[in-house]
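Content type CSV, C-alpha atoms and all ligand atoms, from the file final.csv:
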chain,number,residue,atom,x,y,z
A,1,MET,CA,60.8,18.7,-88.3
A,2,ALA,CA,60.9,22.5,-87.8
A,3,ARG,CA,62.6,23.7,-84.7
A,4,LEU,CA,60.6,25.7,-82.1
A,5,ILE,CA,61.9,28.8,-80.3
A,6,PHE,CA,60.1,30.5,-77.4
A,7,ILE,CA,61.1,34.2,-77.1
A,8,THR,CA,60.1,36.7,-74.4
A,9,GLY,CA,60.2,40.4,-75.2
A,10,ALA,CA,59.3,39.6,-78.8
A,11,SER,CA,57.3,42.8,-79.4
A,12,SER,CA,60.4,45.0,-79.8
A,13,GLY,CA,64.1,45.3,-80.4
A,14,ILE,CA,66.3,42.3,-80.0
A,15,GLY,CA,63.4,39.8,-79.4
A,16,GLN,CA,61.6,41.0,-82.5
A,17,ALA,CA,64.8,40.8,-84.6
A,18,LEU,CA,65.5,37.3,-83.3
A,19,ALA,CA,61.9,36.2,-84.2
A,20,GLU,CA,62.3,37.6,-87.7
A,21,ARG,CA,65.6,35.9,-88.3
A,22,CYS,CA,64.5,32.6,-86.9
A,23,HIS,CA,61.4,32.7,-89.1
A,24,ALA,CA,63.6,33.3,-92.1
A,25,GLU,CA,65.6,30.3,-91.2
A,26,GLY,CA,62.5,28.0,-90.9
A,27,TRP,CA,61.9,28.0,-87.2
A,28,HIS,CA,58.5,27.9,-85.6
A,29,LEU,CA,57.9,30.7,-83.1
A,30,ALA,CA,56.3,31.0,-79.7
A,31,LEU,CA,56.3,34.8,-79.0
A,32,VAL,CA,55.7,36.4,-75.7
A,33,ALA,CA,55.1,40.1,-74.7
A,34,ARG,CA,52.6,42.2,-72.8
A,35,ARG,CA,51.7,44.1,-76.0
A,36,ALA,CA,50.3,40.9,-77.5
A,37,ASP,CA,48.0,42.7,-80.0
A,38,ASP,CA,50.9,44.8,-81.4
A,39,LEU,CA,53.0,41.6,-81.6
A,40,ARG,CA,50.2,39.8,-83.5
A,41,ALA,CA,49.7,42.7,-85.9
A,42,TRP,CA,53.4,42.8,-86.5
A,43,ALA,CA,53.6,39.1,-87.4
A,44,GLN,CA,50.4,39.2,-89.5
A,45,ALA,CA,51.9,42.2,-91.4
A,46,ARG,CA,54.7,39.9,-92.5
A,47,GLY,CA,52.3,37.5,-94.1
A,48,TRP,CA,53.7,34.6,-92.1
A,49,SER,CA,51.7,31.3,-92.3
A,50,ALA,CA,49.6,30.9,-89.1
A,51,GLU,CA,51.0,27.4,-88.5
A,52,ARG,CA,54.5,28.9,-88.0
A,53,TRP,CA,53.8,31.2,-85.0
A,54,ARG,CA,51.8,31.8,-81.9
A,55,VAL,CA,51.6,34.7,-79.4
A,56,TYR,CA,51.3,34.2,-75.7
A,57,PRO,CA,50.5,37.4,-73.8
A,58,ALA,CA,52.4,37.5,-70.5
A,59,ASP,CA,54.0,39.8,-68.0
A,60,VAL,CA,57.3,38.2,-66.9
A,61,ALA,CA,57.2,40.1,-63.6
A,62,ASP,CA,54.0,38.2,-62.8
A,63,ILE,CA,55.1,34.6,-62.1
A,64,ASP,CA,51.8,33.0,-62.7
A,65,SER,CA,51.4,34.9,-66.0
A,66,ILE,CA,54.7,33.8,-67.6
A,67,VAL,CA,54.5,30.3,-66.2
A,68,ALA,CA,51.0,30.0,-67.7
A,69,ALA,CA,52.4,31.2,-71.0
A,70,GLY,CA,55.1,28.5,-70.9
A,71,GLN,CA,52.6,25.8,-70.1
A,72,ALA,CA,50.3,27.0,-72.9
A,73,CYS,CA,53.2,26.7,-75.3
A,74,LEU,CA,54.0,23.2,-74.2
A,75,ALA,CA,50.3,22.2,-74.7
A,76,GLN,CA,49.8,24.0,-78.1
A,77,GLN,CA,53.2,23.8,-79.8
A,78,GLY,CA,55.2,21.2,-77.8
A,79,VAL,CA,58.6,21.4,-76.1
A,80,PRO,CA,60.7,24.2,-77.6
A,81,ASP,CA,64.2,23.5,-78.8
A,82,VAL,CA,65.3,26.9,-77.6
A,83,VAL,CA,63.8,29.3,-74.9
A,84,VAL,CA,65.2,32.8,-74.9
A,85,ALA,CA,64.5,34.9,-71.7
A,86,ASN,CA,65.1,38.2,-73.4
A,87,ALA,CA,62.4,40.5,-71.8
A,88,GLY,CA,64.2,43.2,-69.8
A,89,ILE,CA,64.0,46.8,-68.6
A,90,SER,CA,66.8,49.3,-68.0
A,91,VAL,CA,66.2,52.4,-65.9
A,92,GLY,CA,68.7,54.6,-64.1
A,93,MET,CA,68.6,54.9,-60.3
A,94,ASP,CA,69.8,57.0,-57.4
A,95,THR,CA,69.9,55.3,-54.0
A,96,ALA,CA,69.2,58.6,-52.3
A,97,GLU,CA,65.8,58.7,-53.9
A,98,ARG,CA,63.1,56.6,-52.2
A,99,SER,CA,61.1,56.1,-55.4
A,100,ASP,CA,64.1,54.5,-57.1
A,101,LEU,CA,63.9,51.6,-54.7
A,102,ASP,CA,60.7,50.7,-56.5
A,103,VAL,CA,62.6,51.0,-59.8
A,104,MET,CA,65.1,48.5,-58.5
A,105,ALA,CA,62.5,46.1,-57.2
A,106,ARG,CA,60.8,46.2,-60.6
A,107,THR,CA,64.1,45.7,-62.5
A,108,LEU,CA,65.0,42.6,-60.4
A,109,ALA,CA,61.4,41.3,-60.8
A,110,VAL,CA,61.5,41.6,-64.6
A,111,ASN,CA,65.2,40.9,-65.4
A,112,ASN,CA,65.9,38.1,-62.8
A,113,VAL,CA,62.8,36.5,-61.4
A,114,GLY,CA,61.1,36.9,-64.8
A,115,MET,CA,64.0,34.9,-66.4
A,116,ALA,CA,63.7,32.0,-63.9
A,117,ALA,CA,60.0,32.0,-64.3
A,118,THR,CA,60.4,31.9,-68.1
A,119,PHE,CA,62.6,28.8,-67.9
A,120,GLN,CA,60.7,27.0,-65.2
A,121,PRO,CA,57.9,25.3,-67.2
A,122,PHE,CA,60.4,23.9,-69.7
A,123,VAL,CA,63.2,22.5,-67.5
A,124,ALA,CA,61.5,19.2,-66.6
A,125,ALA,CA,60.2,18.7,-70.2
A,126,MET,CA,63.6,19.4,-71.7
A,127,ARG,CA,65.4,17.2,-69.2
A,128,GLN,CA,63.0,14.3,-70.0
A,129,ARG,CA,63.6,14.7,-73.7
A,130,GLY,CA,67.3,15.0,-73.1
A,131,SER,CA,67.8,18.2,-75.2
A,132,GLY,CA,67.1,21.9,-75.3
A,133,THR,CA,68.7,25.2,-74.9
A,134,LEU,CA,67.9,27.9,-72.3
A,135,VAL,CA,69.2,31.3,-73.3
A,136,GLY,CA,69.6,34.2,-70.8
A,137,ILE,CA,70.1,37.7,-72.2
A,138,ALA,CA,72.4,39.5,-69.8
A,139,SER,CA,74.5,42.6,-70.8
A,140,VAL,CA,78.0,43.9,-70.8
A,141,ALA,CA,76.6,46.1,-67.9
A,142,ALA,CA,77.0,42.9,-65.9
A,143,ILE,CA,80.8,43.2,-66.0
A,144,ARG,CA,81.3,46.2,-63.7
A,145,GLY,CA,78.9,48.5,-61.7
A,146,LEU,CA,78.2,51.7,-63.6
A,147,PRO,CA,77.4,54.8,-61.6
A,148,GLY,CA,73.7,55.7,-61.8
A,149,HIS,CA,72.9,52.3,-63.2
A,150,GLY,CA,73.0,50.1,-60.1
A,151,ALA,CA,69.6,48.4,-60.5
A,152,TYR,CA,70.4,47.3,-64.0
A,153,CYS,CA,74.0,46.3,-63.5
A,154,ALA,CA,73.1,44.3,-60.4
A,155,SER,CA,70.3,42.6,-62.3
A,156,LYS,CA,72.5,41.7,-65.2
A,157,ALA,CA,75.3,40.5,-63.0
A,158,GLY,CA,72.6,38.4,-61.4
A,159,VAL,CA,71.6,37.0,-64.7
A,160,VAL,CA,75.2,35.9,-65.4
A,161,ALA,CA,75.5,34.2,-62.0
A,162,TYR,CA,72.0,32.6,-62.2
A,163,CYS,CA,72.6,31.2,-65.6
A,164,GLU,CA,75.9,29.7,-64.5
A,165,SER,CA,74.2,28.0,-61.5
A,166,LEU,CA,71.5,26.6,-63.9
A,167,ARG,CA,74.2,25.4,-66.3
A,168,GLY,CA,75.8,23.4,-63.5
A,169,GLU,CA,72.4,22.0,-62.4
A,170,LEU,CA,71.6,20.8,-65.9
A,171,ARG,CA,75.1,19.4,-66.7
A,172,GLY,CA,74.8,16.0,-68.2
A,173,SER,CA,71.0,16.3,-68.9
A,174,GLY,CA,71.4,17.3,-72.5
A,175,VAL,CA,70.0,20.7,-71.7
A,176,ARG,CA,72.3,23.6,-72.5
A,177,VAL,CA,72.4,27.1,-70.9
A,178,VAL,CA,73.7,29.9,-73.1
A,179,THR,CA,74.4,33.3,-71.5
A,180,LEU,CA,74.6,36.2,-74.0
A,181,LEU,CA,75.9,39.6,-73.1
A,182,PRO,CA,75.0,42.2,-75.8
A,183,GLY,CA,77.0,45.3,-76.0
A,184,TYR,CA,75.1,48.3,-77.5
A,185,VAL,CA,72.2,47.3,-79.8
A,186,ASP,CA,70.1,49.9,-81.6
A,187,THR,CA,66.6,49.3,-80.1
A,188,PRO,CA,64.0,51.5,-78.4
A,189,LEU,CA,65.9,50.7,-75.1
A,190,THR,CA,69.0,52.5,-76.2
A,191,ARG,CA,67.7,55.2,-78.6
A,192,LYS,CA,67.3,57.9,-76.0
A,193,ASN,CA,70.8,57.3,-74.4
A,194,ARG,CA,72.7,60.5,-73.8
A,195,TYR,CA,76.2,59.0,-74.1
A,196,PRO,CA,78.3,57.5,-76.9
A,197,MET,CA,77.6,53.8,-77.7
A,198,PRO,CA,80.7,52.2,-79.2
A,199,PHE,CA,80.4,49.2,-81.5
A,200,LEU,CA,76.6,49.8,-81.8
A,201,LEU,CA,75.0,46.9,-83.7
A,202,SER,CA,71.6,46.9,-85.5
A,203,ALA,CA,69.1,44.5,-83.9
A,204,ASP,CA,69.3,42.3,-86.9
A,205,ARG,CA,73.1,42.0,-86.9
A,206,PHE,CA,72.9,41.2,-83.2
A,207,ALA,CA,70.2,38.6,-83.8
A,208,GLN,CA,72.2,36.9,-86.5
A,209,ARG,CA,75.2,36.6,-84.2
A,210,ALA,CA,73.1,35.6,-81.2
A,211,LEU,CA,71.4,32.8,-83.2
A,212,ARG,CA,74.8,31.4,-84.3
A,213,ALA,CA,76.0,31.4,-80.6
A,214,ILE,CA,72.8,29.6,-79.6
A,215,GLU,CA,73.1,27.0,-82.3
A,216,GLN,CA,76.8,26.4,-81.3
A,217,GLY,CA,75.6,26.0,-77.7
A,218,VAL,CA,78.3,28.2,-76.3
A,219,SER,CA,78.0,28.7,-72.5
A,220,TYR,CA,78.8,32.5,-72.6
A,221,ARG,CA,79.4,35.0,-75.3
A,222,VAL,CA,79.7,38.8,-75.4
A,223,ILE,CA,78.5,40.2,-78.7
A,224,PRO,CA,80.1,41.9,-80.6
A,225,TRP,CA,83.6,40.6,-80.2
A,226,GLN,CA,85.0,44.1,-79.9
A,227,MET,CA,82.9,44.6,-76.8
A,228,ALA,CA,84.2,41.2,-75.5
A,229,LEU,CA,87.7,42.7,-75.5
A,230,VAL,CA,86.5,45.8,-73.7
A,231,ALA,CA,84.7,43.6,-71.2
A,232,LYS,CA,87.9,41.6,-70.5
A,233,LEU,CA,89.9,44.8,-70.0
A,234,LEU,CA,87.2,46.3,-67.7
A,235,ARG,CA,87.2,43.2,-65.6
A,236,VAL,CA,90.9,43.4,-64.8
A,237,LEU,CA,91.0,47.2,-64.4
A,238,PRO,CA,91.9,48.2,-60.8
A,239,ASN,CA,89.0,49.8,-58.9
A,240,ALA,CA,90.7,53.2,-58.6
A,241,TRP,CA,91.3,53.4,-62.4
A,242,PHE,CA,87.8,52.2,-63.1
A,243,ASP,CA,86.3,54.8,-60.8
A,244,ARG,CA,88.4,57.5,-62.4
A,245,LEU,CA,87.4,56.4,-65.9
A,246,LEU,CA,83.7,56.5,-65.1
A,247,SER,CA,83.9,59.8,-63.1
A,248,GLY,CA,81.8,62.6,-64.6
A,249,ARG,CA,80.3,60.5,-67.4
A,250,PRO,CA,76.7,61.1,-68.4
A,251,ARG,CA,74.4,58.7,-66.5
A,252,LYS,CA,71.5,56.6,-67.4
A,253,ALA,CA,68.2,58.5,-67.2
A,254,ARG,CA,66.1,57.9,-64.0
A,255,ALA,CA,62.4,57.1,-64.2
A,256,ASP,CA,61.3,60.7,-63.5
A,257,GLN,CA,63.9,62.2,-65.9
A,258,GLY,CA,61.8,61.5,-69.0
A,259,SER,CA,63.8,59.0,-71.0
A,260,ALA,CA,63.4,56.1,-68.7
A,261,THR,CA,64.6,53.6,-71.2
A,262,GLY,CA,68.2,53.4,-72.5
A,263,SER,CA,71.0,50.9,-71.8
B,301,LIG,P1,63.3,46.8,-75.9
B,301,LIG,O1,62.9,47.9,-74.9
B,301,LIG,O2,63.3,47.2,-77.4
B,301,LIG,O3,62.4,45.5,-75.7
B,301,LIG,C1,62.1,45.0,-74.5
B,301,LIG,C2,61.1,43.9,-74.6
B,301,LIG,O4,60.9,43.3,-73.3
B,301,LIG,C3,59.8,44.3,-75.2
B,301,LIG,O5,59.4,43.4,-76.2
B,301,LIG,C4,58.9,44.3,-74.0
B,301,LIG,O6,57.6,43.9,-74.4
B,301,LIG,C5,59.5,43.2,-73.1
B,301,LIG,N1,59.2,43.4,-71.7
B,301,LIG,C6,59.6,44.4,-70.9
B,301,LIG,N2,59.0,44.2,-69.7
B,301,LIG,C7,58.3,43.1,-69.8
B,301,LIG,C8,57.4,42.4,-68.9
B,301,LIG,N3,57.2,42.8,-67.6
B,301,LIG,N4,56.8,41.3,-69.3
B,301,LIG,C9,56.9,40.9,-70.5
B,301,LIG,N5,57.7,41.5,-71.5
B,301,LIG,C10,58.3,42.6,-71.1
B,301,LIG,O7,64.7,46.3,-75.4
B,301,LIG,P2,65.9,45.5,-76.2
B,301,LIG,O8,65.4,44.7,-77.3
B,301,LIG,O9,67.0,46.4,-76.4
B,301,LIG,O10,66.4,44.5,-74.9
B,301,LIG,C11,66.1,43.2,-74.9
B,301,LIG,C12,67.0,42.6,-73.9
B,301,LIG,O11,68.4,42.8,-74.2
B,301,LIG,C13,66.8,43.1,-72.4
B,301,LIG,O12,67.0,42.1,-71.5
B,301,LIG,C14,68.0,44.1,-72.3
B,301,LIG,O13,68.4,44.3,-71.0
B,301,LIG,C15,69.1,43.4,-73.1
B,301,LIG,N6,70.2,44.2,-73.6
B,301,LIG,C16,69.9,45.2,-74.5
B,301,LIG,C17,71.0,46.0,-75.0
B,301,LIG,C18,70.8,47.0,-76.0
B,301,LIG,O14,71.8,47.7,-76.3
B,301,LIG,N7,69.6,47.2,-76.6
B,301,LIG,C19,72.3,45.8,-74.4
B,301,LIG,C20,72.4,44.8,-73.4
B,301,LIG,C21,71.4,44.0,-73.0
B,301,LIG,P3,56.2,44.5,-73.9
B,301,LIG,O15,56.4,45.9,-73.5
B,301,LIG,O16,55.3,44.3,-75.1
B,301,LIG,O17,55.8,43.6,-72.8

Rendering of file as structure tokens:
Amino acid sequence: MARLIFITGASSGIGQALAERCHAEGWHLALVARRADDLRAWAQARGWSAERWRVYPADVADIDSIVAAGQACLAQQGVPDVVVANAGISVGMDTAERSDLDVMARTLAVNNVGMAATFQPFVAAMRQRGSGTLVGIASVAAIRGLPGHGAYCASKAGVVAYCESLRGELRGSGVRVVTLLPGYVDTPLTRKNRYPMPFLLSADRFAQRALRAIEQGVSYRVIPWQMALVAKLLRVLPNAWFDRLLSGRPRKARADQGSATGS
């Protein structure tokens, strides 16, 4: 029987590349995004058989919307083998600016509450079946706080801690929790970045490595491995050194600076 994967943020970048790779490897797909028509058109353009995929329109920042999408998947396609909470946004912030508090609230709503709401409909069903994998897409930005990127770094550090809590809660149930921390991946989210992006991966290369990690059921993985080494070094760097290293570096664009996306 074909395996089923539920992916949020499937209309672009990493989510789309993961959908494509999973389809190539025989999985059935449950795909979520707000731009559902674009997502449908993209899947149809690939000539994929209609039995292999479904699209569930949802805004992950709207709890009822994403929970309803999960419940629709359970009713129409059954309990997924894997659920990937991938939808995310990344916008710079300056705490001195009142408007950036709204940016932070939105970031936490999408990246954190949206992740828990993505998993929620599936937890009981996976527990009952005694198997399943819940995948949280974090970021290397979770490792240290980057100046100008407080909302995103806080949200991704939150993803790491949240997924660890969930892993402990589900221990012994047969349900795994996999936390993935991408380094730089070439997607619309990073294309407008104004700074160098070492070890940049194509979305497909990232998806390939992410799928292997998911199938292995690892609890935590930084991709690519070179970035994992950098992450380890950054973690142990004394604060004064870290602050000096980051001082004067170009910052993530804020919402009113034009290029609001970029990691
Ligand atoms: P993209 O901007 O290319 O794609 C983001 C996806 O998230 C889109 O499909 C978008 O779909 C969806 N999305 C955004 N907001 C919502 C929402 N409110 N409700 C539902 N879906 C939403 O980004 P990436 O593919 O690069 O990023 C995917 C994940 O990977 C994010 O969590 C990001 O933080 C993380 N990441 C990415 C890195 C990179 O270098 N690219 C590095 C580290 C982490 P739609 O607009 O149709 O709703």

Distance of atom C14 of ligand LIG 301 (chain B) from CA of Gly88 (chain A), expressed in Å to one decimal place:
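Between these atoms lies a distance of 4.6 Å.
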
Contacts of Phe6 (chain A) at 12 Å or less, counting all atoms listed in the file, minus same-chain residues fewer than 6 places along, as a ChimeraX atom specification?
/A:15-16,18-19,22-23,27-33,53-56,66,69-74,77-87,118-119,121-122,132-135

Generate a file of the selected residues that holds C-alpha atoms, formatted as a PDB file, in the frame of the given file.
ATOM      1  CA  GLY A  15      63.400  39.800 -79.400  1.00  0.00           C
ATOM      2  CA  GLN A  16      61.600  41.000 -82.500  1.00  0.00           C
ATOM      3  CA  LEU A  18      65.500  37.300 -83.300  1.00  0.00           C
ATOM      4  CA  ALA A  19      61.900  36.200 -84.200  1.00  0.00           C
ATOM      5  CA  CYS A  22      64.500  32.600 -86.900  1.00  0.00           C
ATOM      6  CA  HIS A  23      61.400  32.700 -89.100  1.00  0.00           C
ATOM      7  CA  TRP A  27      61.900  28.000 -87.200  1.00  0.00           C
ATOM      8  CA  HIS A  28      58.500  27.900 -85.600  1.00  0.00           C
ATOM      9  CA  LEU A  29      57.900  30.700 -83.100  1.00  0.00           C
ATOM     10  CA  ALA A  30      56.300  31.000 -79.700  1.00  0.00           C
ATOM     11  CA  LEU A  31      56.300  34.800 -79.000  1.00  0.00           C
ATOM     12  CA  VAL A  32      55.700  36.400 -75.700  1.00  0.00           C
ATOM     13  CA  ALA A  33      55.100  40.100 -74.700  1.00  0.00           C
ATOM     14  CA  TRP A  53      53.800  31.200 -85.000  1.00  0.00           C
ATOM     15  CA  ARG A  54      51.800  31.800 -81.900  1.00  0.00           C
ATOM     16  CA  VAL A  55      51.600  34.700 -79.400  1.00  0.00           C
ATOM     17  CA  TYR A  56      51.300  34.200 -75.700  1.00  0.00           C
ATOM     18  CA  ILE A  66      54.700  33.800 -67.600  1.00  0.00           C
ATOM     19  CA  ALA A  69      52.400  31.200 -71.000  1.00  0.00           C
ATOM     20  CA  GLY A  70      55.100  28.500 -70.900  1.00  0.00           C
ATOM     21  CA  GLN A  71      52.600  25.800 -70.100  1.00  0.00           C
ATOM     22  CA  ALA A  72      50.300  27.000 -72.900  1.00  0.00           C
ATOM     23  CA  CYS A  73      53.200  26.700 -75.300  1.00  0.00           C
ATOM     24  CA  LEU A  74      54.000  23.200 -74.200  1.00  0.00           C
ATOM     25  CA  GLN A  77      53.200  23.800 -79.800  1.00  0.00           C
ATOM     26  CA  GLY A  78      55.200  21.200 -77.800  1.00  0.00           C
ATOM     27  CA  VAL A  79      58.600  21.400 -76.100  1.00  0.00           C
ATOM     28  CA  PRO A  80      60.700  24.200 -77.600  1.00  0.00           C
ATOM     29  CA  ASP A  81      64.200  23.500 -78.800  1.00  0.00           C
ATOM     30  CA  VAL A  82      65.300  26.900 -77.600  1.00  0.00           C
ATOM     31  CA  VAL A  83      63.800  29.300 -74.900  1.00  0.00           C
ATOM     32  CA  VAL A  84      65.200  32.800 -74.900  1.00  0.00           C
ATOM     33  CA  ALA A  85      64.500  34.900 -71.700  1.00  0.00           C
ATOM     34  CA  ASN A  86      65.100  38.200 -73.400  1.00  0.00           C
ATOM     35  CA  ALA A  87      62.400  40.500 -71.800  1.00  0.00           C
ATOM     36  CA  THR A 118      60.400  31.900 -68.100  1.00  0.00           C
ATOM     37  CA  PHE A 119      62.600  28.800 -67.900  1.00  0.00           C
ATOM     38  CA  PRO A 121      57.900  25.300 -67.200  1.00  0.00           C
ATOM     39  CA  PHE A 122      60.400  23.900 -69.700  1.00  0.00           C
ATOM     40  CA  GLY A 132      67.100  21.900 -75.300  1.00  0.00           C
ATOM     41  CA  THR A 133      68.700  25.200 -74.900  1.00  0.00           C
ATOM     42  CA  LEU A 134      67.900  27.900 -72.300  1.00  0.00           C
ATOM     43  CA  VAL A 135      69.200  31.300 -73.300  1.00  0.00           C
TER      44      VAL A 135
END

Write out as a Markdown table the residues of chain A that have any atom within 6 Å of an atom of ligand LIG 301 (chain B), one row each with the nearest atom pair and its distance in Å to one decimal, counting all atoms listed in the file, sorted by chain and then rising number.
| residue | atom | partner | partner_atom | distance |
| --- | --- | --- | --- | --- |
| A:Gly9 | CA | B:LIG301 | O5 | 3.3 |
| A:Ala10 | CA | B:LIG301 | O5 | 4.6 |
| A:Ser11 | CA | B:LIG301 | O5 | 3.9 |
| A:Ser12 | CA | B:LIG301 | O5 | 4.1 |
| A:Gly13 | CA | B:LIG301 | O8 | 3.4 |
| A:Ile14 | CA | B:LIG301 | O8 | 3.7 |
| A:Gly15 | CA | B:LIG301 | O8 | 5.7 |
| A:Ala33 | CA | B:LIG301 | O17 | 4.0 |
| A:Arg34 | CA | B:LIG301 | O17 | 3.5 |
| A:Arg35 | CA | B:LIG301 | O16 | 3.7 |
| A:Ala58 | CA | B:LIG301 | C9 | 5.6 |
| A:Asp59 | CA | B:LIG301 | N4 | 3.4 |
| A:Val60 | CA | B:LIG301 | N4 | 4.0 |
| A:Ala61 | CA | B:LIG301 | N3 | 4.8 |
| A:Asn86 | CA | B:LIG301 | O12 | 4.7 |
| A:Ala87 | CA | B:LIG301 | O4 | 3.5 |
| A:Gly88 | CA | B:LIG301 | O12 | 3.5 |
| A:Ile89 | CA | B:LIG301 | C6 | 5.5 |
| A:Val110 | CA | B:LIG301 | N3 | 5.4 |
| A:Ile137 | CA | B:LIG301 | O12 | 5.4 |
| A:Ala138 | CA | B:LIG301 | C21 | 5.6 |
| A:Ser139 | CA | B:LIG301 | C20 | 4.0 |
| A:Pro182 | CA | B:LIG301 | C20 | 4.4 |
| A:Gly183 | CA | B:LIG301 | C19 | 5.0 |
| A:Tyr184 | CA | B:LIG301 | O14 | 3.6 |
| A:Val185 | CA | B:LIG301 | O14 | 3.5 |
| A:Asp186 | CA | B:LIG301 | N7 | 5.7 |
| A:Thr187 | CA | B:LIG301 | O9 | 4.7 |
| A:Pro188 | CA | B:LIG301 | O2 | 4.5 |
| A:Leu189 | CA | B:LIG301 | O1 | 4.1 |
| A:Thr190 | CA | B:LIG301 | N7 | 5.3 |
| A:Ser263 | CA | B:LIG301 | O14 | 5.6 |

Given only C-alpha atoms, how would the per-residue table for region 38-144 of chain A near region 160-170 of chain A read, listing every residue at most 8 Å away with its closest atom pair and distance in Å to one decimal, sorted by chain and number, as CSV?
residue,atom,partner,partner_atom,distance
A:Arg127,CA,A:Leu170,CA,7.9
A:Gly136,CA,A:Cys163,CA,6.7
A:Ala138,CA,A:Val160,CA,6.3
A:Ala142,CA,A:Val160,CA,7.2

Mind checking which residues fall within 9 Å of Ser173 (chain A), counting all atoms listed in the file, ignoring those fewer than 2 positions away in the same chain, and posting them as a list in words?
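Counting only the stated atoms, we get Met126, Arg127, Gln128, Arg129, Gly130, Ser131, Glu169, Leu170, Arg171, Val175 and Arg176 of chain A.
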
Can you write out as JSON lines which residues of region 111-198 of chain A fall within 7 Å of region 225-238 of chain A, alongside each residue's closest atom pair and its distance in Å to one decimal, counting all atoms listed in the file and ordering rows by chain and ascending residue number?
{"residue": "A:Val140", "atom": "CA", "partner": "A:Ala231", "partner_atom": "CA", "distance": 6.7}
{"residue": "A:Ile143", "atom": "CA", "partner": "A:Arg235", "partner_atom": "CA", "distance": 6.4}
{"residue": "A:Arg144", "atom": "CA", "partner": "A:Arg235", "partner_atom": "CA", "distance": 6.9}
{"residue": "A:Gly183", "atom": "CA", "partner": "A:Met227", "partner_atom": "CA", "distance": 6.0}

Å distance separating CA of Ala203 (chain A) from CA of Arg52 (chain A), one decimal place
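The value is 21.8 Å.
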
So, counting all atoms listed in the file, which residue among A:Val91, A:Ala141, A:Leu211, A:Ala253 is closest to Tyr195 (chain A)?
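Looking at the shortest contact to Tyr195 (chain A), the residue is A:Ala253.
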
Could you state the separation of CA of Leu200 (chain A) and CA of Arg106 (chain A) in Å, given to one decimal place?
26.7 Å

Go through A:Asn193, A:Ser219, A:Ser49, A:Asn112 one by one, measure the shortest atom-to-atom distance of each to Val159 (chain A) using only C-alpha atoms, and give the residue with the smallest value.
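Of the candidates, the smallest distance to Val159 (chain A) is held by A:Asn112.
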
Give the answer as one residue: which of A:Asp62, A:Lys252, A:Leu246, A:Lys156 has the shortest atom-to-atom distance to Arg191 (chain A), using only C-alpha atoms?
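Smallest distance to Arg191 (chain A) is found for A:Lys252.
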
If you count only C-alpha atoms, the residue of A:Val67, A:Ala17, A:Arg244, A:Gly114 closest to Leu201 (chain A) turns out to be A:Ala17

Given only C-alpha atoms as the counted atoms, nearest of A:Ser90, A:Ala41, A:Leu146, A:Thr179 to Val222 (chain A)
A:Thr179

Which protein, DNA or RNA residues are at most 8 Å from (76.7, 28.7, -74.6) in the file's coordinates when you count all atoms listed in the file, listed as an MDAnalysis selection string?
chainID A and resid 176:180 213:214 216:221

Smallest atom-to-atom distance to Arg194 (chain A): which of A:Trp42, A:Ala210, A:Arg249, A:Gly150, using only C-alpha atoms?
A:Arg249
